[in-house]
Amino acid sequence: MPDQSQLLARQPEGLVFSSATPTGLVIEVDDQQRFQTMEGFGYCLTGGSAELLHALSAPARAKLLNELFGRGPGSIGVSYLRLSIGASDLDAAVFSYNDRPAGQTDPALVHFSLAPDERHLIPILKEILAINPQLSLMASPWSPPAWMKDNGASKGGSLKPEFYPAYAQYFVRYLQEMQARGIRIGAVTVQNEPLHPGNNPSLLMLAEQQAEFIGRHLGPALEQAGLNTRIICYDHNADKPEYPLTVLGNATANPYVAGSAFHLYAGTIDALSKVHDAYPNKDVYFTEQWTGSKSAFADNLGWHVKNLEIGAPRNWARVVLEWNLAADPEQNPHTPGGCTECLGAVTLAPHDEVTRNVAYYTVAHASKFVPAGSIRIASSSADQLPNVAFLTPGGGHVLLVQNDQPSVRTFAIRQGGRTALATLPAGAMATYVW
């Protein structure tokens with residue numbers, strides 16, 4: 001409910017199906033029409049999120065991690081996380097795994113080290129994987145080491161072509177060393193927000209540069225190392241579908257690219273379908289959307305559910321991820337110049353205080369009921385009542401419905417010749433399971 005009077009609350013009446021002929025607004029669910037298989041719903045586990053989780057007492061952390069990543073009745077079943085390769089802007093400080101003094105380079109990666117992540121991120125990940133060993137992981141860099149860039153800085157600049165081979169090996173080393181710690185990264189994006197060099201850290205990487213880096217360096221390097229980690233291109237806003245289309249259209253890069261990733265700070269969610277339709281054998285991912293700490297719960301609930309948890313799967317996304325998992329009450333930590341208003345899915349305060357925010361609930365309404373391996377199936381009436389339907393691996397049906405109208409809506413759900421009636425208050429969303 002947008003007024004927060006009910007938050008992920010099980011309804012006592014449940015759905016009652018009958019053979020009655022429906023009247024009025026009907027959502028037809030057809031599990032014979034099947035689309036993409038879902039890999040998961042979840043969050044971005046930033047370095048700052050890991051640091052805050054690590055600061056909880058062991059009992060409080062175990063309780064919260066089980067709530068987030070477990071599959072029990074009191075858990076929300078998060079099945080996918082995105083990590084940063086090196087620092088994101090929601091780390092306490094900027095770092096890479098191969099920082100060198102000004103004027104020094106290390107193309108052989110002699111000084112490569114995961115030490116910055118050993119403090120908080122890796123221990124937290126191991127605790128999470130102990131709860132859910134099937135959790136899927138994606139990793140994305142915000143910037144290469146500064147010595148690889150033409151401006152020698154963490155913010156902005158471009159990757160020097162002479163360091164394309166070294167940077168490809170940087171990915172290889174990261175994947176190998178995480179795997180040696182029992183952490184398998186299933187997919188990498190080549191660059192977080194490659195058209196936004198104003199963040200700290202960040203990198204400008206144009207589509208043609210990304211295609212060359214993937215096709216001639218990163219793809220062959222992973223292949224030679226025997227790594228089957230999927231390479232995902234783009235990882236930026238839906239207003240520039242020409243970027244992933246350029247990468248996928250590059251004959252050298254295309255065989256190495258498993259799909260494209262999107263954010264929605266600009267553009268519309270149907271751009272994902274445009275890219276899917278052009279390359280239906282390549283997957284689509286939705287990998288990031290922030291919640292502003294100064295925005296209203298009701299506004300975020302409606303927008304995120306309509307565009308992300310419903311809209312992204314209806315436009316072929318196999319993964320839907322909201323941005324940072326956790327922040328403190330002041331939206332820390334972040335780098336100098338990093339996001340100062342990024343509200344975590346949970347707010348973690350001293351003395352083990354946990355506050356669950358809007359992104360906790362938008363993801364939970366999907367992740368709790370739509371496990372990895374679920375298949376999106378056909379459902380109608382998306383314009384009048386935004387919705388998306390899934391068939392779970394166990395044969396169950398799940399339907400997410402949003403009433404984005406200013407008045408209460410009563411509607412019928414029809415599947416397999418049977419009909420059930422449901423009612424949603426204005427602005428509310430619900431997950432129907434049968």
# chains A, B, ... in the order shown; residues from 1 in each chain; ligands from 1
call {"tool": "select_by_dssp", "arguments": {"residues": "region 61-92 of chain A", "states": "strand (DSSP E or B)", "output": "PyMOL selection string"}}
result
chain A and resi 80-85
call {"tool": "residues_around", "arguments": {"residues": "region 260-264 of chain A", "least_positions_apart": "3", "cutoff": "9 Å", "atoms": "only C-alpha atoms", "output": "PyMOL selection string"}}
result
chain A and resi 189+193+231-239+244-245+248+257+267-269+272+275-276+282-289+307-308+317
call {"tool": "residues_around", "arguments": {"residues": "Ser381 (chain A)", "least_positions_apart": "2", "cutoff": "8 Å", "atoms": "only C-alpha atoms", "output": "PyMOL selection string"}}
result
chain A and resi 25-28+379+383-387
call {"tool": "closest_atom_pairs", "arguments": {"of": "region 62-97 of chain A", "to": "region 41-58 of chain A", "cutoff": "8 Å", "atoms": "only C-alpha atoms", "output": "tab-separated table"}}
result
residue	atom	partner	partner_atom	distance
A:Ala62	CA	A:Ala58	CA	6.1
A:Val78	CA	A:Gly42	CA	5.2
A:Ser79	CA	A:Phe41	CA	5.8
A:Tyr80	CA	A:Gly42	CA	4.9
A:Leu81	CA	A:Tyr43	CA	5.3
A:Arg82	CA	A:Cys44	CA	4.5
A:Leu83	CA	A:Leu45	CA	5.5
A:Ser84	CA	A:Thr46	CA	6.5
A:Ala87	CA	A:Gly47	CA	7.0
A:Ser88	CA	A:Thr46	CA	6.9
A:Leu90	CA	A:Gly48	CA	5.5
A:Asp91	CA	A:Gly48	CA	4.6
A:Ala92	CA	A:Gly48	CA	6.2
call {"tool": "closest_residue", "arguments": {"among": "A:Tyr361, A:Ile310, A:Asp89, A:Ser140", "to": "Asn332 (chain A)", "atoms": "only C-alpha atoms"}}
result
A:Asp89
call {"tool": "select_by_dssp", "arguments": {"residues": "region 164-195 of chain A", "states": "alpha helix (DSSP H)", "output": "VMD selection string"}}
result
chain A and resid 164 to 180
call {"tool": "write_last_selection", "arguments": {"atoms": "N, CA and C atoms", "output": "JSON list (two decimals), in the first residue's frame"}}
result
[["chain", "number", "residue", "atom", "x", "y", "z"],
["A", 164, "TYR", "N", 44.60, -1.97, -23.13],
["A", 164, "TYR", "CA", 43.48, -2.90, -23.33],
["A", 164, "TYR", "C", 43.87, -4.33, -22.92],
["A", 165, "PRO", "N", 45.06, -4.83, -23.34],
["A", 165, "PRO", "CA", 45.40, -6.21, -22.93],
["A", 165, "PRO", "C", 45.55, -6.35, -21.41],
["A", 166, "ALA", "N", 46.17, -5.37, -20.76],
["A", 166, "ALA", "CA", 46.35, -5.44, -19.31],
["A", 166, "ALA", "C", 45.00, -5.39, -18.59],
["A", 167, "TYR", "N", 44.09, -4.57, -19.11],
["A", 167, "TYR", "CA", 42.79, -4.46, -18.44],
["A", 167, "TYR", "C", 41.98, -5.75, -18.62],
["A", 168, "ALA", "N", 42.10, -6.38, -19.76],
["A", 168, "ALA", "CA", 41.44, -7.68, -19.95],
["A", 168, "ALA", "C", 41.97, -8.69, -18.93],
["A", 169, "GLN", "N", 43.28, -8.68, -18.68],
["A", 169, "GLN", "CA", 43.86, -9.59, -17.69],
["A", 169, "GLN", "C", 43.46, -9.20, -16.27],
["A", 170, "TYR", "N", 43.18, -7.92, -16.05],
["A", 170, "TYR", "CA", 42.68, -7.44, -14.76],
["A", 170, "TYR", "C", 41.35, -8.13, -14.44],
["A", 171, "PHE", "N", 40.46, -8.22, -15.44],
["A", 171, "PHE", "CA", 39.21, -8.96, -15.27],
["A", 171, "PHE", "C", 39.49, -10.43, -14.97],
["A", 172, "VAL", "N", 40.40, -11.01, -15.72],
["A", 172, "VAL", "CA", 40.73, -12.43, -15.51],
["A", 172, "VAL", "C", 41.21, -12.67, -14.08],
["A", 173, "ARG", "N", 42.11, -11.83, -13.62],
["A", 173, "ARG", "CA", 42.65, -12.00, -12.26],
["A", 173, "ARG", "C", 41.54, -11.85, -11.22],
["A", 174, "TYR", "N", 40.68, -10.88, -11.41],
["A", 174, "TYR", "CA", 39.56, -10.68, -10.48],
["A", 174, "TYR", "C", 38.70, -11.94, -10.40],
["A", 175, "LEU", "N", 38.31, -12.44, -11.55],
["A", 175, "LEU", "CA", 37.44, -13.62, -11.57],
["A", 175, "LEU", "C", 38.13, -14.84, -10.97],
["A", 176, "GLN", "N", 39.39, -15.02, -11.30],
["A", 176, "GLN", "CA", 40.13, -16.18, -10.77],
["A", 176, "GLN", "C", 40.31, -16.09, -9.27],
["A", 177, "GLU", "N", 40.64, -14.91, -8.77],
["A", 177, "GLU", "CA", 40.90, -14.77, -7.34],
["A", 177, "GLU", "C", 39.62, -14.80, -6.52],
["A", 178, "MET", "N", 38.53, -14.30, -7.06],
["A", 178, "MET", "CA", 37.25, -14.47, -6.37],
["A", 178, "MET", "C", 36.86, -15.95, -6.34],
["A", 179, "GLN", "N", 37.05, -16.63, -7.46],
["A", 179, "GLN", "CA", 36.72, -18.05, -7.51],
["A", 179, "GLN", "C", 37.57, -18.84, -6.52],
["A", 180, "ALA", "N", 38.84, -18.45, -6.35],
["A", 180, "ALA", "CA", 39.71, -19.13, -5.39],
["A", 180, "ALA", "C", 39.21, -18.96, -3.96]]
call {"tool": "residues_around", "arguments": {"residues": "Tyr432 (chain A)", "least_positions_apart": "6", "cutoff": "12 Å", "atoms": "only C-alpha atoms", "output": "ChimeraX atom specification"}}
result
/A:8-11,13-16,27,29,365-366,368-370,387-391,396-402,412-413,420-424
call {"tool": "write_last_selection", "arguments": {"atoms": "N, CA and C atoms", "output": "compact mmCIF listing (two decimals), in the first residue's frame"}}
result
# COMPACT_ATOMS: atom_id res chain seq x y z
N LEU A 8 4.02 -5.92 2.37
CA LEU A 8 4.30 -7.34 2.16
C LEU A 8 3.47 -8.20 3.13
N ALA A 9 2.20 -7.84 3.26
CA ALA A 9 1.33 -8.52 4.22
C ALA A 9 0.50 -9.58 3.51
N ARG A 10 0.53 -10.80 4.03
CA ARG A 10 -0.30 -11.88 3.47
C ARG A 10 -1.78 -11.54 3.72
N GLN A 11 -2.59 -11.66 2.66
CA GLN A 11 -4.00 -11.34 2.78
C GLN A 11 -4.79 -12.58 3.22
N GLU A 13 -7.88 -13.61 2.80
CA GLU A 13 -8.91 -14.27 1.98
C GLU A 13 -8.32 -15.16 0.89
N GLY A 14 -7.22 -14.77 0.27
CA GLY A 14 -6.64 -15.56 -0.80
C GLY A 14 -7.48 -15.53 -2.06
N LEU A 15 -6.98 -16.15 -3.13
CA LEU A 15 -7.71 -16.23 -4.39
C LEU A 15 -8.64 -17.44 -4.37
N VAL A 16 -9.87 -17.25 -4.85
CA VAL A 16 -10.83 -18.35 -4.97
C VAL A 16 -11.22 -18.46 -6.44
N ILE A 27 -7.63 -9.95 -16.40
CA ILE A 27 -6.23 -10.25 -16.73
C ILE A 27 -6.17 -11.72 -17.11
N VAL A 29 -4.17 -14.92 -17.98
CA VAL A 29 -2.84 -15.49 -17.79
C VAL A 29 -2.76 -16.78 -18.60
N HIS A 365 8.41 -8.22 -3.24
CA HIS A 365 7.16 -8.68 -3.85
C HIS A 365 7.41 -9.59 -5.04
N ALA A 366 8.59 -9.50 -5.63
CA ALA A 366 8.97 -10.40 -6.72
C ALA A 366 9.88 -11.52 -6.24
N LYS A 368 10.52 -12.94 -3.41
CA LYS A 368 9.99 -13.93 -2.46
C LYS A 368 9.18 -15.01 -3.17
N PHE A 369 8.57 -14.66 -4.29
CA PHE A 369 7.62 -15.57 -4.94
C PHE A 369 8.07 -16.05 -6.32
N VAL A 370 9.07 -15.38 -6.90
CA VAL A 370 9.54 -15.71 -8.25
C VAL A 370 10.99 -16.14 -8.16
N ASN A 387 0.93 -5.37 -15.06
CA ASN A 387 1.10 -6.68 -14.44
C ASN A 387 2.12 -7.51 -15.21
N VAL A 388 2.62 -8.53 -14.56
CA VAL A 388 3.49 -9.51 -15.20
C VAL A 388 3.28 -10.84 -14.51
N ALA A 389 3.34 -11.92 -15.29
CA ALA A 389 3.05 -13.25 -14.76
C ALA A 389 4.23 -14.19 -14.97
N PHE A 390 4.35 -15.15 -14.06
CA PHE A 390 5.45 -16.12 -14.11
C PHE A 390 4.92 -17.52 -13.78
N LEU A 391 5.62 -18.50 -14.31
CA LEU A 391 5.43 -19.91 -13.95
C LEU A 391 6.67 -20.34 -13.20
N GLY A 396 3.91 -23.49 -10.03
CA GLY A 396 2.98 -22.49 -9.52
C GLY A 396 2.92 -21.27 -10.40
N HIS A 397 1.84 -20.50 -10.22
CA HIS A 397 1.66 -19.26 -10.97
C HIS A 397 1.83 -18.07 -10.03
N VAL A 398 2.48 -17.02 -10.53
CA VAL A 398 2.67 -15.78 -9.77
C VAL A 398 2.30 -14.62 -10.69
N LEU A 399 1.49 -13.71 -10.17
CA LEU A 399 1.07 -12.54 -10.95
C LEU A 399 1.27 -11.30 -10.10
N LEU A 400 2.14 -10.38 -10.57
CA LEU A 400 2.31 -9.08 -9.92
C LEU A 400 1.39 -8.10 -10.61
N VAL A 401 0.57 -7.40 -9.83
CA VAL A 401 -0.38 -6.44 -10.39
C VAL A 401 -0.26 -5.12 -9.64
N GLN A 402 -0.33 -4.03 -10.38
CA GLN A 402 -0.30 -2.70 -9.80
C GLN A 402 -1.55 -1.94 -10.23
N ALA A 412 -10.75 -9.41 -12.64
CA ALA A 412 -10.73 -10.87 -12.63
C ALA A 412 -9.39 -11.36 -13.13
N ILE A 413 -8.92 -12.44 -12.53
CA ILE A 413 -7.74 -13.16 -13.01
C ILE A 413 -8.25 -14.47 -13.60
N ALA A 420 -10.82 -15.93 -10.88
CA ALA A 420 -10.85 -15.45 -9.50
C ALA A 420 -10.99 -13.94 -9.51
N LEU A 421 -11.71 -13.40 -8.56
CA LEU A 421 -11.87 -11.95 -8.45
C LEU A 421 -10.87 -11.38 -7.46
N ALA A 422 -10.41 -10.17 -7.74
CA ALA A 422 -9.46 -9.49 -6.85
C ALA A 422 -9.76 -8.00 -6.86
N THR A 423 -9.39 -7.33 -5.79
CA THR A 423 -9.58 -5.89 -5.66
C THR A 423 -8.29 -5.26 -5.14
N LEU A 424 -7.90 -4.16 -5.77
CA LEU A 424 -6.71 -3.44 -5.33
C LEU A 424 -7.05 -1.99 -5.04
call {"tool": "atom_distance", "arguments": {"atom1": "CA of Asn66 (chain A)", "atom2": "CA of Met1 (chain A)"}}
result
24.7 Å
call {"tool": "closest_residue", "arguments": {"among": "A:Ala364, A:Leu121, A:Leu129, A:Ala372", "to": "Ile76 (chain A)", "atoms": "only C-alpha atoms"}}
result
A:Ala364
call {"tool": "residues_around", "arguments": {"residues": "Glu39 (chain A)", "least_positions_apart": "3", "cutoff": "9 Å", "atoms": "only C-alpha atoms", "output": "VMD selection string"}}
result
chain A and resid 79 to 80 136 318 to 320 371 to 374
call {"tool": "residues_around", "arguments": {"residues": "Pro2 (chain A)", "least_positions_apart": "4", "cutoff": "10 Å", "atoms": "only C-alpha atoms", "output": "PyMOL selection string"}}
result
chain A and resi 6-7+296-302+358+425-429
call {"tool": "write_last_selection", "arguments": {"atoms": "C-alpha atoms", "output": "JSON list (two decimals), in the first residue's frame"}}
result
[["chain", "number", "residue", "atom", "x", "y", "z"],
["A", 6, "GLN", "CA", 0.28, -2.88, 4.65],
["A", 7, "LEU", "CA", 3.81, -3.89, 3.68],
["A", 296, "ALA", "CA", 8.26, 9.84, -1.18],
["A", 297, "PHE", "CA", 7.57, 6.16, -0.50],
["A", 298, "ALA", "CA", 4.32, 6.25, -2.49],
["A", 299, "ASP", "CA", 5.94, 7.83, -5.56],
["A", 300, "ASN", "CA", 8.81, 5.35, -5.54],
["A", 301, "LEU", "CA", 6.53, 2.37, -5.00],
["A", 302, "GLY", "CA", 4.41, 3.18, -8.02],
["A", 358, "VAL", "CA", 10.74, 1.10, -0.35],
["A", 425, "PRO", "CA", -6.87, -0.04, -3.59],
["A", 426, "ALA", "CA", -5.66, 3.06, -5.43],
["A", 427, "GLY", "CA", -1.90, 3.07, -5.92],
["A", 428, "ALA", "CA", -1.39, -0.37, -4.39],
["A", 429, "MET", "CA", 0.35, -3.41, -5.80]]
call {"tool": "atom_distance", "arguments": {"atom1": "CA of Trp142 (chain A)", "atom2": "CA of Ala115 (chain A)"}}
result
17.6 Å
call {"tool": "atom_distance", "arguments": {"atom1": "CA of Gly77 (chain A)", "atom2": "CA of Ile128 (chain A)"}}
result
11.4 Å
